Every structure is written in structure tokens, then in C-alpha cells.
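As provided, data-v3.pdb (PDB, C-alpha atoms and all ligand atoms) reads as follows.
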```
ATOM      1  CA  MET A   1      44.778  -1.427  25.731
ATOM      2  CA  THR A   2      41.320  -1.695  24.284
ATOM      3  CA  ASP A   3      41.596   1.919  23.240
ATOM      4  CA  ASP A   4      44.503   1.201  20.879
ATOM      5  CA  ARG A   5      42.461  -1.225  18.853
ATOM      6  CA  MET A   6      41.287  -0.258  15.456
ATOM      7  CA  PRO A   7      37.493   0.109  15.579
ATOM      8  CA  LEU A   8      35.579  -2.685  13.867
ATOM      9  CA  SER A   9      34.000  -1.830  10.557
ATOM     10  CA  PRO A  10      30.486  -3.029   9.675
ATOM     11  CA  ASP A  11      32.132  -5.642   7.428
ATOM     12  CA  ASP A  12      34.296  -6.840  10.308
ATOM     13  CA  ILE A  13      31.262  -7.142  12.540
ATOM     14  CA  GLN A  14      29.324  -8.996   9.908
ATOM     15  CA  ARG A  15      32.098 -11.499   9.456
ATOM     16  CA  PHE A  16      33.637 -11.800  12.930
ATOM     17  CA  GLY A  17      30.863 -10.588  15.224
ATOM     18  CA  SER A  18      30.990  -7.621  17.570
ATOM     19  CA  ASP A  19      33.526  -9.262  19.870
ATOM     20  CA  PRO A  20      36.036 -11.199  17.764
ATOM     21  CA  LEU A  21      38.439 -11.630  20.669
ATOM     22  CA  SER A  22      35.872 -13.551  22.700
ATOM     23  CA  SER A  23      34.768 -15.607  19.686
ATOM     24  CA  PHE A  24      38.336 -16.539  18.841
ATOM     25  CA  ARG A  25      38.958 -17.566  22.438
ATOM     26  CA  ALA A  26      35.816 -19.680  22.505
ATOM     27  CA  ASN A  27      36.490 -21.251  19.097
ATOM     28  CA  LEU A  28      40.052 -22.010  20.051
ATOM     29  CA  ALA A  29      38.914 -23.680  23.256
ATOM     30  CA  ALA A  30      36.409 -25.784  21.297
ATOM     31  CA  VAL A  31      39.058 -26.853  18.777
ATOM     32  CA  GLU A  32      41.473 -27.647  21.601
ATOM     33  CA  GLU A  33      38.838 -29.786  23.247
ATOM     34  CA  ARG A  34      38.230 -31.721  20.029
ATOM     35  CA  ILE A  35      41.938 -32.199  19.456
ATOM     36  CA  ALA A  36      42.318 -33.547  22.982
ATOM     37  CA  ARG A  37      39.433 -35.955  22.474
ATOM     38  CA  ALA A  38      40.755 -37.162  19.114
ATOM     39  CA  CYS A  39      44.154 -37.741  20.735
ATOM     40  CA  ALA A  40      42.514 -39.706  23.533
ATOM     41  CA  ARG A  41      40.581 -41.852  21.045
ATOM     42  CA  ALA A  42      43.779 -42.591  19.151
ATOM     43  CA  GLY A  43      45.793 -43.279  22.299
ATOM     44  CA  ARG A  44      48.079 -40.342  21.553
ATOM     45  CA  ASP A  45      49.529 -37.649  23.784
ATOM     46  CA  ARG A  46      48.169 -34.156  23.211
ATOM     47  CA  PRO A  47      51.666 -32.667  22.709
ATOM     48  CA  SER A  48      52.168 -34.948  19.694
ATOM     49  CA  VAL A  49      49.775 -32.740  17.703
ATOM     50  CA  ARG A  50      50.449 -29.104  16.838
ATOM     51  CA  LEU A  51      47.614 -26.764  15.915
ATOM     52  CA  LEU A  52      48.592 -24.405  13.098
ATOM     53  CA  PRO A  53      45.926 -21.714  12.787
ATOM     54  CA  VAL A  54      45.387 -20.729   9.153
ATOM     55  CA  THR A  55      44.833 -16.986   8.950
ATOM     56  CA  LYS A  56      44.309 -16.420   5.222
ATOM     57  CA  THR A  57      41.733 -13.733   4.371
ATOM     58  CA  VAL A  58      41.577 -12.554   7.988
ATOM     59  CA  PRO A  59      42.669  -8.901   7.928
ATOM     60  CA  ALA A  60      45.696  -7.760   9.912
ATOM     61  CA  HIS A  61      43.814  -5.598  12.405
ATOM     62  CA  ILE A  62      41.607  -8.582  13.264
ATOM     63  CA  LEU A  63      44.683 -10.771  13.599
ATOM     64  CA  ARG A  64      45.828  -8.500  16.418
ATOM     65  CA  LEU A  65      42.851  -9.825  18.341
ATOM     66  CA  ALA A  66      43.764 -13.392  17.384
ATOM     67  CA  PHE A  67      47.239 -12.736  18.755
ATOM     68  CA  GLU A  68      45.683 -11.470  21.944
ATOM     69  CA  ALA A  69      43.610 -14.638  22.088
ATOM     70  CA  GLY A  70      46.858 -16.606  22.209
ATOM     71  CA  ILE A  71      47.434 -17.415  18.546
ATOM     72  CA  HIS A  72      51.083 -16.735  17.754
ATOM     73  CA  SER A  73      51.660 -18.976  14.711
ATOM     74  CA  PHE A  74      49.946 -17.898  11.511
ATOM     75  CA  GLY A  75      49.536 -20.142   8.474
ATOM     76  CA  GLU A  76      49.080 -18.212   5.224
ATOM     77  CA  ASN A  77      48.372 -19.622   1.769
ATOM     78  CA  ARG A  78      49.787 -16.778  -0.276
ATOM     79  CA  ILE A  79      53.098 -14.992   0.066
ATOM     80  CA  GLN A  80      51.859 -11.542  -0.883
ATOM     81  CA  GLU A  81      49.103 -11.639   1.695
ATOM     82  CA  ALA A  82      51.529 -12.900   4.345
ATOM     83  CA  VAL A  83      54.025 -10.162   3.566
ATOM     84  CA  SER A  84      51.562  -7.323   3.877
ATOM     85  CA  LYS A  85      50.203  -8.700   7.150
ATOM     86  CA  ARG A  86      53.685  -9.138   8.484
ATOM     87  CA  GLU A  87      54.402  -5.500   7.746
ATOM     88  CA  ALA A  88      51.257  -4.411   9.530
ATOM     89  CA  LEU A  89      52.005  -6.671  12.502
ATOM     90  CA  GLY A  90      55.746  -6.134  12.717
ATOM     91  CA  ASP A  91      55.547  -5.328  16.423
ATOM     92  CA  LEU A  92      54.180  -8.798  17.304
ATOM     93  CA  ALA A  93      56.308 -11.949  17.688
ATOM     94  CA  ILE A  94      54.580 -14.153  15.122
ATOM     95  CA  ASP A  95      55.823 -17.370  13.516
ATOM     96  CA  TRP A  96      54.846 -17.446   9.852
ATOM     97  CA  SER A  97      54.136 -20.670   7.963
ATOM     98  CA  ILE A  98      53.370 -20.752   4.264
ATOM     99  CA  VAL A  99      50.965 -23.588   3.566
ATOM    100  CA  GLY A 100      50.089 -23.015  -0.104
ATOM    101  CA  HIS A 101      51.623 -23.451  -3.525
ATOM    102  CA  LEU A 102      54.674 -21.275  -4.132
ATOM    103  CA  GLN A 103      55.313 -19.420  -7.369
ATOM    104  CA  THR A 104      58.989 -19.325  -8.263
ATOM    105  CA  ASN A 105      59.019 -15.540  -8.379
ATOM    106  CA  LYS A 106      57.955 -15.461  -4.708
ATOM    107  CA  VAL A 107      60.779 -17.658  -3.437
ATOM    108  CA  LYS A 108      62.999 -14.800  -2.370
ATOM    109  CA  VAL A 109      60.190 -13.198  -0.423
ATOM    110  CA  LEU A 110      59.349 -16.381   1.431
ATOM    111  CA  THR A 111      62.913 -17.051   2.500
ATOM    112  CA  ARG A 112      63.139 -13.678   4.198
ATOM    113  CA  PHE A 113      60.603 -14.355   6.872
ATOM    114  CA  ALA A 114      58.895 -17.748   6.817
ATOM    115  CA  ARG A 115      59.877 -20.368   9.300
ATOM    116  CA  GLU A 116      58.055 -23.232   7.574
ATOM    117  CA  PHE A 117      56.866 -24.123   4.115
ATOM    118  CA  HIS A 118      54.243 -26.860   3.865
ATOM    119  CA  ALA A 119      53.828 -27.241   0.117
ATOM    120  CA  LEU A 120      57.164 -28.229  -1.383
ATOM    121  CA  ASP A 121      56.590 -30.328  -4.494
ATOM    122  CA  SER A 122      59.255 -29.347  -7.007
ATOM    123  CA  LEU A 123      63.019 -29.730  -7.132
ATOM    124  CA  ARG A 124      63.312 -26.511  -9.045
ATOM    125  CA  ARG A 125      61.726 -24.651  -6.144
ATOM    126  CA  ALA A 126      63.797 -26.616  -3.646
ATOM    127  CA  ASP A 127      66.909 -25.494  -5.495
ATOM    128  CA  LEU A 128      65.817 -21.850  -5.628
ATOM    129  CA  LEU A 129      64.840 -21.873  -1.956
ATOM    130  CA  ASN A 130      68.153 -23.385  -0.974
ATOM    131  CA  GLU A 131      70.066 -20.786  -2.942
ATOM    132  CA  ARG A 132      68.192 -17.858  -1.401
ATOM    133  CA  LEU A 133      68.450 -19.300   2.101
ATOM    134  CA  GLU A 134      72.165 -19.679   1.599
ATOM    135  CA  ARG A 135      72.453 -16.015   0.723
ATOM    136  CA  GLU A 136      70.431 -14.982   3.720
ATOM    137  CA  ASP A 137      72.117 -17.466   5.990
ATOM    138  CA  ARG A 138      68.802 -18.933   7.052
ATOM    139  CA  PHE A 139      67.222 -22.375   7.240
ATOM    140  CA  LEU A 140      63.667 -23.404   6.422
ATOM    141  CA  ASP A 141      61.554 -26.272   7.713
ATOM    142  CA  VAL A 142      59.807 -27.918   4.788
ATOM    143  CA  PHE A 143      57.011 -30.417   4.315
ATOM    144  CA  VAL A 144      56.767 -32.310   1.054
ATOM    145  CA  GLN A 145      53.292 -32.060  -0.428
ATOM    146  CA  VAL A 146      51.819 -35.284  -1.763
ATOM    147  CA  ASN A 147      48.724 -35.615  -3.892
ATOM    148  CA  THR A 148      46.871 -38.324  -1.989
ATOM    149  CA  SER A 149      43.486 -37.845  -3.619
ATOM    150  CA  GLY A 150      44.507 -38.543  -7.194
ATOM    151  CA  GLU A 151      42.734 -35.383  -8.357
ATOM    152  CA  GLU A 152      44.451 -33.878 -11.377
ATOM    153  CA  SER A 153      43.957 -30.360 -10.130
ATOM    154  CA  LYS A 154      45.794 -30.788  -6.883
ATOM    155  CA  PHE A 155      49.363 -29.768  -6.368
ATOM    156  CA  GLY A 156      51.708 -32.244  -4.775
ATOM    157  CA  LEU A 157      53.861 -35.156  -5.830
ATOM    158  CA  HIS A 158      52.476 -38.402  -7.087
ATOM    159  CA  PRO A 159      53.095 -40.978  -4.327
ATOM    160  CA  ASP A 160      55.418 -42.908  -6.683
ATOM    161  CA  ALA A 161      57.643 -39.858  -7.091
ATOM    162  CA  LEU A 162      58.124 -39.318  -3.379
ATOM    163  CA  LEU A 163      61.129 -41.491  -2.528
ATOM    164  CA  PRO A 164      63.456 -40.183  -5.238
ATOM    165  CA  PHE A 165      62.325 -36.641  -4.392
ATOM    166  CA  VAL A 166      63.123 -37.070  -0.728
ATOM    167  CA  ASP A 167      66.539 -38.522  -1.548
ATOM    168  CA  THR A 168      67.372 -35.549  -3.758
ATOM    169  CA  LEU A 169      66.360 -33.099  -1.028
ATOM    170  CA  LYS A 170      69.452 -34.169   0.872
ATOM    171  CA  SER A 171      71.520 -32.092  -1.522
ATOM    172  CA  PHE A 172      69.880 -28.878  -0.291
ATOM    173  CA  PRO A 173      71.486 -28.244   3.112
ATOM    174  CA  ARG A 174      69.428 -25.138   3.870
ATOM    175  CA  LEU A 175      66.144 -27.047   3.696
ATOM    176  CA  LYS A 176      65.149 -28.986   6.782
ATOM    177  CA  PRO A 177      62.625 -31.599   5.666
ATOM    178  CA  ARG A 178      60.256 -32.367   8.532
ATOM    179  CA  GLY A 179      57.658 -34.567   6.952
ATOM    180  CA  LEU A 180      54.785 -34.808   4.485
ATOM    181  CA  MET A 181      51.754 -32.648   3.833
ATOM    182  CA  THR A 182      48.504 -33.266   1.976
ATOM    183  CA  LEU A 183      45.197 -31.702   1.107
ATOM    184  CA  ALA A 184      42.702 -34.513   1.394
ATOM    185  CA  LEU A 185      39.780 -34.970  -0.937
ATOM    186  CA  PHE A 186      37.424 -32.050  -0.412
ATOM    187  CA  SER A 187      34.358 -33.903   0.759
ATOM    188  CA  SER A 188      32.241 -34.272   3.847
ATOM    189  CA  ASP A 189      32.188 -38.035   3.325
ATOM    190  CA  MET A 190      34.866 -39.196   5.755
ATOM    191  CA  ALA A 191      34.891 -42.634   4.168
ATOM    192  CA  LYS A 192      36.486 -40.923   1.159
ATOM    193  CA  VAL A 193      38.622 -38.436   3.065
ATOM    194  CA  ARG A 194      40.217 -40.798   5.563
ATOM    195  CA  PRO A 195      42.069 -42.947   2.983
ATOM    196  CA  CYS A 196      44.026 -39.818   1.950
ATOM    197  CA  PHE A 197      45.302 -39.537   5.513
ATOM    198  CA  THR A 198      46.016 -43.257   5.779
ATOM    199  CA  LEU A 199      47.989 -43.127   2.551
ATOM    200  CA  LEU A 200      50.059 -40.159   3.731
ATOM    201  CA  ARG A 201      50.884 -41.940   6.968
ATOM    202  CA  ARG A 202      51.944 -45.075   5.073
ATOM    203  CA  LEU A 203      54.156 -42.990   2.808
ATOM    204  CA  ARG A 204      55.680 -41.280   5.843
ATOM    205  CA  ASP A 205      56.458 -44.657   7.398
ATOM    206  CA  GLU A 206      58.278 -45.502   4.190
ATOM    207  CA  VAL A 207      60.215 -42.252   3.682
ATOM    208  CA  VAL A 208      61.286 -42.022   7.300
ATOM    209  CA  ARG A 209      63.512 -44.999   6.573
ATOM    210  CA  HIS A 210      65.326 -42.878   3.979
ATOM    211  CA  ASP A 211      65.509 -39.795   6.140
ATOM    212  CA  ALA A 212      64.938 -40.262   9.856
ATOM    213  CA  LYS A 213      63.954 -36.607  10.286
ATOM    214  CA  LEU A 214      60.859 -36.933   8.081
ATOM    215  CA  THR A 215      58.559 -37.777  10.956
ATOM    216  CA  GLU A 216      55.787 -35.217  10.633
ATOM    217  CA  LEU A 217      52.376 -35.385   8.990
ATOM    218  CA  SER A 218      50.711 -32.062   8.157
ATOM    219  CA  MET A 219      47.135 -33.055   7.395
ATOM    220  CA  GLY A 220      43.615 -32.167   8.468
ATOM    221  CA  MET A 221      41.672 -28.898   8.193
ATOM    222  CA  SER A 222      38.532 -27.517   9.849
ATOM    223  CA  GLY A 223      36.287 -30.208   8.420
ATOM    224  CA  ASP A 224      38.466 -33.228   9.059
ATOM    225  CA  TYR A 225      41.219 -32.561  11.595
ATOM    226  CA  GLU A 226      39.852 -35.086  14.089
ATOM    227  CA  GLU A 227      40.012 -37.896  11.534
ATOM    228  CA  ALA A 228      43.491 -36.711  10.549
ATOM    229  CA  ILE A 229      44.637 -36.916  14.170
ATOM    230  CA  GLU A 230      43.225 -40.422  14.444
ATOM    231  CA  GLU A 231      45.314 -41.286  11.385
ATOM    232  CA  GLY A 232      48.483 -39.806  12.834
ATOM    233  CA  ALA A 233      48.564 -36.065  11.974
ATOM    234  CA  THR A 234      51.264 -34.168  13.871
ATOM    235  CA  VAL A 235      50.208 -30.772  12.478
ATOM    236  CA  VAL A 236      46.609 -29.796  11.776
ATOM    237  CA  ARG A 237      46.018 -26.655   9.697
ATOM    238  CA  VAL A 238      42.793 -25.106  10.927
ATOM    239  CA  GLY A 239      41.264 -21.846   9.707
ATOM    240  CA  GLN A 240      37.498 -21.592   9.600
ATOM    241  CA  ALA A 241      36.844 -23.484  12.834
ATOM    242  CA  ILE A 242      38.711 -20.687  14.612
ATOM    243  CA  PHE A 243      38.077 -17.575  12.509
ATOM    244  CA  GLY A 244      34.667 -18.359  11.058
ATOM    245  CA  LYS A 245      33.592 -19.011   7.516
ATOM    246  CA  ARG A 246      35.656 -17.424   4.742
ATOM    247  CA  PRO A 247      33.839 -15.192   2.270
ATOM    248  CA  THR A 248      36.027 -16.377  -0.640
ATOM    249  CA  PRO A 249      35.398 -19.714  -2.308
ATOM    250  CA  ASP A 250      38.277 -22.158  -1.847
ATOM    251  CA  GLY A 251      38.874 -22.301  -5.600
ATOM    252  CA  HIS A 252      40.492 -18.938  -5.104
ATOM    253  CA  TYR A 253      43.244 -20.696  -3.180
ATOM    254  CA  TRP A 254      43.279 -24.133  -4.737
ATOM    255  CA  PRO A 255      43.337 -23.868  -8.506
ATOM    256  CA  GLY A 256      41.085 -26.356 -10.146
ATOM    257  CA  PHE A 257      38.796 -26.639  -7.181
ATOM    258  CA  ALA A 258      35.405 -26.007  -8.705
ATOM    259  CA  GLY A 259      33.285 -26.026  -5.555
ATOM    260  CA  SER A 260      31.718 -22.715  -4.740
ATOM    261  CA  ALA A 261      30.724 -23.509  -1.208
ATOM    262  CA  GLN A 262      31.910 -25.315   1.859
ATOM    263  CA  PRO A 263      31.579 -29.074   2.154
ATOM    264  CA  THR A 264      28.176 -30.004   3.430
TER     265      THR A 264
HETATM  266  C1  LIG B   1      42.907 -22.632   3.941
HETATM  267  C2  LIG B   1      43.802 -23.777   4.150
HETATM  268  C3  LIG B   1      43.651 -24.623   5.271
HETATM  269  C4  LIG B   1      42.594 -24.424   6.330
HETATM  270  O1  LIG B   1      41.309 -24.626   5.831
HETATM  271  P1  LIG B   1      40.043 -24.376   6.782
HETATM  272  O2  LIG B   1      38.906 -24.943   6.056
HETATM  273  O3  LIG B   1      39.951 -22.905   6.956
HETATM  274  O4  LIG B   1      40.350 -25.046   8.081
HETATM  275  C5  LIG B   1      44.540 -25.667   5.400
HETATM  276  N1  LIG B   1      45.509 -25.897   4.505
HETATM  277  C6  LIG B   1      45.687 -25.107   3.425
HETATM  278  C7  LIG B   1      46.775 -25.419   2.467
HETATM  279  C8  LIG B   1      44.842 -24.030   3.215
HETATM  280  O5  LIG B   1      45.019 -23.250   2.135
END
```

How does the structure come out when it is put into C-alpha cells?
Amino acid sequence: MTDDRMPLSPDDIQRFGSDPLSSFRANLAAVEERIARACARAGRDRPSVRLLPVTKTVPAHILRLAFEAGIHSFGENRIQEAVSKREALGDLAIDWSIVGHLQTNKVKVLTRFAREFHALDSLRRADLLNERLEREDRFLDVFVQVNTSGEESKFGLHPDALLPFVDTLKSFPRLKPRGLMTLALFSSDMAKVRPCFTLLRRLRDEVVRHDAKLTELSMGMSGDYEEAIEEGATVVRVGQAIFGKRPTPDGHYWPGFAGSAQPT
């Protein structure tokens, strides 16, 4: 089995170490442990939280090792990247989630293979998605993205726009709204980050009265997933804590994000 693996390049080794499989296993175990402890602190059951590993920038041949380490759901930010990895990994049973902003011209690609979309924030895209899903006779789980940090640059609905949005979603039968999603303030100061999570939970408690299926909260990343779980997250989207630091600055993925480094 080991013999089938693509040999690691010097770049791979620099980024993922000489034994990525073992590192991924160890990192995953550490994240699992932290999730379990956060659940215990919050008086929640472990199964109430789903870990969605975010695989963006990790090359396909390395993702084979992640798969071997037990990671079978991949969260990708960009459609094009997801599509090319899916082609390279077509022999593996992977669930694909798209967690980032969707350009309208990528809608028809997404609907072909994704199981979940975490960043729905426009009715125009909801309409286009619904139409394509209809044609392909598929359904899609969606999370409505809310801007909880008040930063201009962030995608997501203004909290005031959420209720009417959620009501309108009912006219798109191919979309299965599951809950809300947010990107919290990008800061290492949890006193500033946590209110984003609290706000999303409050909004969920409100919208769930309009649509009983909107129970989920997709919030929390490598730097703040424990706080998110304490505030009620049902899905945490974790990349770097499993796969190591990304070489690309996050502004590459989140337009308007000026930071060049990781939170300190
Ligand atoms: C990259 C990304 C994450 C994960 O971030 P990490 O810092 O790698 O844990 C979560 N959500 C979205 C939308 C992302 O693009």
C-alpha cells in the first residue's frame, strides 16, 4: 500500500513533515480531545458537534494520506480547487463541502458534486442553485452565512436581513437549509471573537421558529473552535490545526482581509 503513494517532494516535506500520515493522525487526535473537553465544559454530548476538516491548499496527493488517517469529509473554500481535487481523488468516497463565497458562474459546478454549501448569502444564488439542482435531480444542504462581526469586507447577510431571507428560502425546494454559518472576527482576543458566536446562536434561536429545520450552527475554526463549541457550534470548520499552517495569507480566501499572518 505504501508503495502506491506518490513520493513526497521537498516542498511537501517542508510543509507537512516527512510523515504526514502520522502527523495528521496525531493532530486529529489532539483536536478530537479538545472538542471532547469543550463539549464537557459546555455540558454537551460529543455527537452534537461535527468536525469538518478544511482541506484548502492541501494538495490532492497529500489528501490521500488524510483520507487514510480517517478524514472522509473535505471542506474546500473554492470550487475550482475542489473540482480538481475531486478528479484526482475520484476513487475515494469523499463528502465535499463548499465553505467559501460562491461566484454565480460556479453554481453549476458546485451542484454536480457538493453535498453542503456553507456560505449562502444571496437570493440570486439560491435561485440559480435551485434551478441547477432541479435539472440534476439533486438536493443540497445549505447554511446561511451571517456577518456577525460588522466588518464591511465580510460576506454574509446583515443580521437584520436574516428572517426575510430565511422565509424566502422556502420557495427553493431543492435547497435544504440546515442552519447558520459565520466567520467570526479574525482576532486572537476571545473577548472580541466570542460575541460573534453568541450573536449567531441568538439568531439561530430566532430563525428556528420560522423554520424548524434551521438548527445548526457552523462556526469556529482552528483558533477558536473551542469557544464556538461552548457557544453552541454544531459544526466546526478546522484546517490548520489538522494540516498545519497554510503558506497562503488568508486574504487570498477572504477578500478584504488585510492581515498577512495568522492571529497571534
Ligand atoms: C479556511 C477556512 C476555515 C478553516 O480555517 P483554519 O484556520 O484553517 O482552521 C474555516 N472556514 C472557512 C470559510 C475557511 O475558508

Give me, please, the distance in Å between CA of Ala119 (chain A) and CA of Leu180 (chain A), quoted to one decimal.
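Here the two named atoms are 8.8 Å from each other.
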
Picked residues, the PyMOL selection byres (((chain A and resi 111) around 8) and not hetatm), expected as a PyMOL selection string: chain A and resi 107-110+112-114+129+132-133+136+138+140

C-alpha atoms of the current selection, written as a PDB file, in the frame of the given file:
```
ATOM      1  CA  VAL A 107      60.779 -17.658  -3.437  1.00  0.00           C
ATOM      2  CA  LYS A 108      62.999 -14.800  -2.370  1.00  0.00           C
ATOM      3  CA  VAL A 109      60.190 -13.198  -0.423  1.00  0.00           C
ATOM      4  CA  LEU A 110      59.349 -16.381   1.431  1.00  0.00           C
ATOM      5  CA  ARG A 112      63.139 -13.678   4.198  1.00  0.00           C
ATOM      6  CA  PHE A 113      60.603 -14.355   6.872  1.00  0.00           C
ATOM      7  CA  ALA A 114      58.895 -17.748   6.817  1.00  0.00           C
ATOM      8  CA  LEU A 129      64.840 -21.873  -1.956  1.00  0.00           C
ATOM      9  CA  ARG A 132      68.192 -17.858  -1.401  1.00  0.00           C
ATOM     10  CA  LEU A 133      68.450 -19.300   2.101  1.00  0.00           C
ATOM     11  CA  GLU A 136      70.431 -14.982   3.720  1.00  0.00           C
ATOM     12  CA  ARG A 138      68.802 -18.933   7.052  1.00  0.00           C
ATOM     13  CA  LEU A 140      63.667 -23.404   6.422  1.00  0.00           C
TER      14      LEU A 140
END
```

**Report entry** Surrounding residues as a ChimeraX atom specification, ligand LIG 1 (chain B), max 6 Å, only C-alpha atoms and all ligand atoms
**Finding:** /A:54,77,99-100,221-222,237-240

Restricting to only C-alpha atoms, whichever of A:Pro177, A:Pro7, A:Gly223, A:Gly70 is closest to Val142 (chain A) is A:Pro177

Result set of the PyMOL selection byres (((chain A and resi 244) around 12) and not hetatm) on the coordinates above, as a compact mmCIF listing (two decimals) with C-alpha atoms, in the coordinates of the input:
```
# COMPACT_ATOMS: atom_id res chain seq x y z
CA ASP A 12 34.30 -6.84 10.31
CA ILE A 13 31.26 -7.14 12.54
CA GLN A 14 29.32 -9.00 9.91
CA ARG A 15 32.10 -11.50 9.46
CA PHE A 16 33.64 -11.80 12.93
CA GLY A 17 30.86 -10.59 15.22
CA PRO A 20 36.04 -11.20 17.76
CA SER A 23 34.77 -15.61 19.69
CA PHE A 24 38.34 -16.54 18.84
CA ALA A 26 35.82 -19.68 22.50
CA ASN A 27 36.49 -21.25 19.10
CA LEU A 28 40.05 -22.01 20.05
CA PRO A 53 45.93 -21.71 12.79
CA VAL A 54 45.39 -20.73 9.15
CA THR A 55 44.83 -16.99 8.95
CA LYS A 56 44.31 -16.42 5.22
CA THR A 57 41.73 -13.73 4.37
CA VAL A 58 41.58 -12.55 7.99
CA SER A 222 38.53 -27.52 9.85
CA VAL A 238 42.79 -25.11 10.93
CA GLY A 239 41.26 -21.85 9.71
CA GLN A 240 37.50 -21.59 9.60
CA ALA A 241 36.84 -23.48 12.83
CA ILE A 242 38.71 -20.69 14.61
CA PHE A 243 38.08 -17.58 12.51
CA LYS A 245 33.59 -19.01 7.52
CA ARG A 246 35.66 -17.42 4.74
CA PRO A 247 33.84 -15.19 2.27
CA THR A 248 36.03 -16.38 -0.64
CA GLN A 262 31.91 -25.32 1.86
```

What is the distance between CA of Asp160 (chain A) and CA of Arg44 (chain A), in Å to one decimal?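 So the answer is 29.3 Å.
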
One decimal, Å: what's the distance from CA of Cys196 (chain A) over to CA of Thr148 (chain A), could you say?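 So the two atoms, CA of Cys196 (chain A) and CA of Thr148 (chain A), lie 5.1 Å apart.
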
In terms of only C-alpha atoms, the residue from A:Leu163, A:Leu217, A:Met6, A:Val146 at minimal distance from Leu63 (chain A) is A:Met6

- Message: For a quick check of understanding, using only C-alpha atoms, which of A:Gly232, A:Ser187, A:Asp11, A:Met181 has the smallest distance to Gly156 (chain A)?
- Response: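 Using only C-alpha atoms, the shortest distance to Gly156 (chain A) belongs to A:Met181.
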
Of A:Ala88, A:Leu183, A:Ala36, A:Leu52, the one sitting nearest Ile71 (chain A) when using all atoms listed in the file is A:Leu52

Can you give me, as a JSON list (two decimals) with C-alpha atoms, in the coordinates of the input, the residues this file yields under the PyMOL selection byres (((chain A and resi 50) around 6) and not hetatm)?
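expr.json, written as the output of this step:
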```json
[["chain", "number", "residue", "atom", "x", "y", "z"],
["A", 49, "VAL", "CA", 49.78, -32.74, 17.70],
["A", 51, "LEU", "CA", 47.61, -26.76, 15.92],
["A", 234, "THR", "CA", 51.26, -34.17, 13.87],
["A", 235, "VAL", "CA", 50.21, -30.77, 12.48]]
```

Across A:Ile94, A:Ala228, A:Leu120, A:Val166, the smallest distance to Arg209 (chain A), with all atoms listed in the file counted, is shown by A:Val166

Using all atoms listed in the file, the residue out of A:Ser22, A:Asn130, A:Ser97, A:Thr182 with shortest distance to Leu65 (chain A) is A:Ser22

Fewer than 5 positions away in the same chain doesn't count, so skip those; otherwise give me all residues within 9 Å of Lys176 (chain A), counting all atoms listed in the file, as a list in words.
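Residues near the query, excluding close chain neighbours: Phe139, Leu140, Asp141, Val142, Phe143, Leu169, Lys170 and Lys213 of chain A.
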
Name all residues at most 10 Å from Leu92 (chain A) (count all atoms listed in the file; drop same-chain ones fewer than 5 positions away) and give them as a ChimeraX atom specification. /A:64,67,72,86
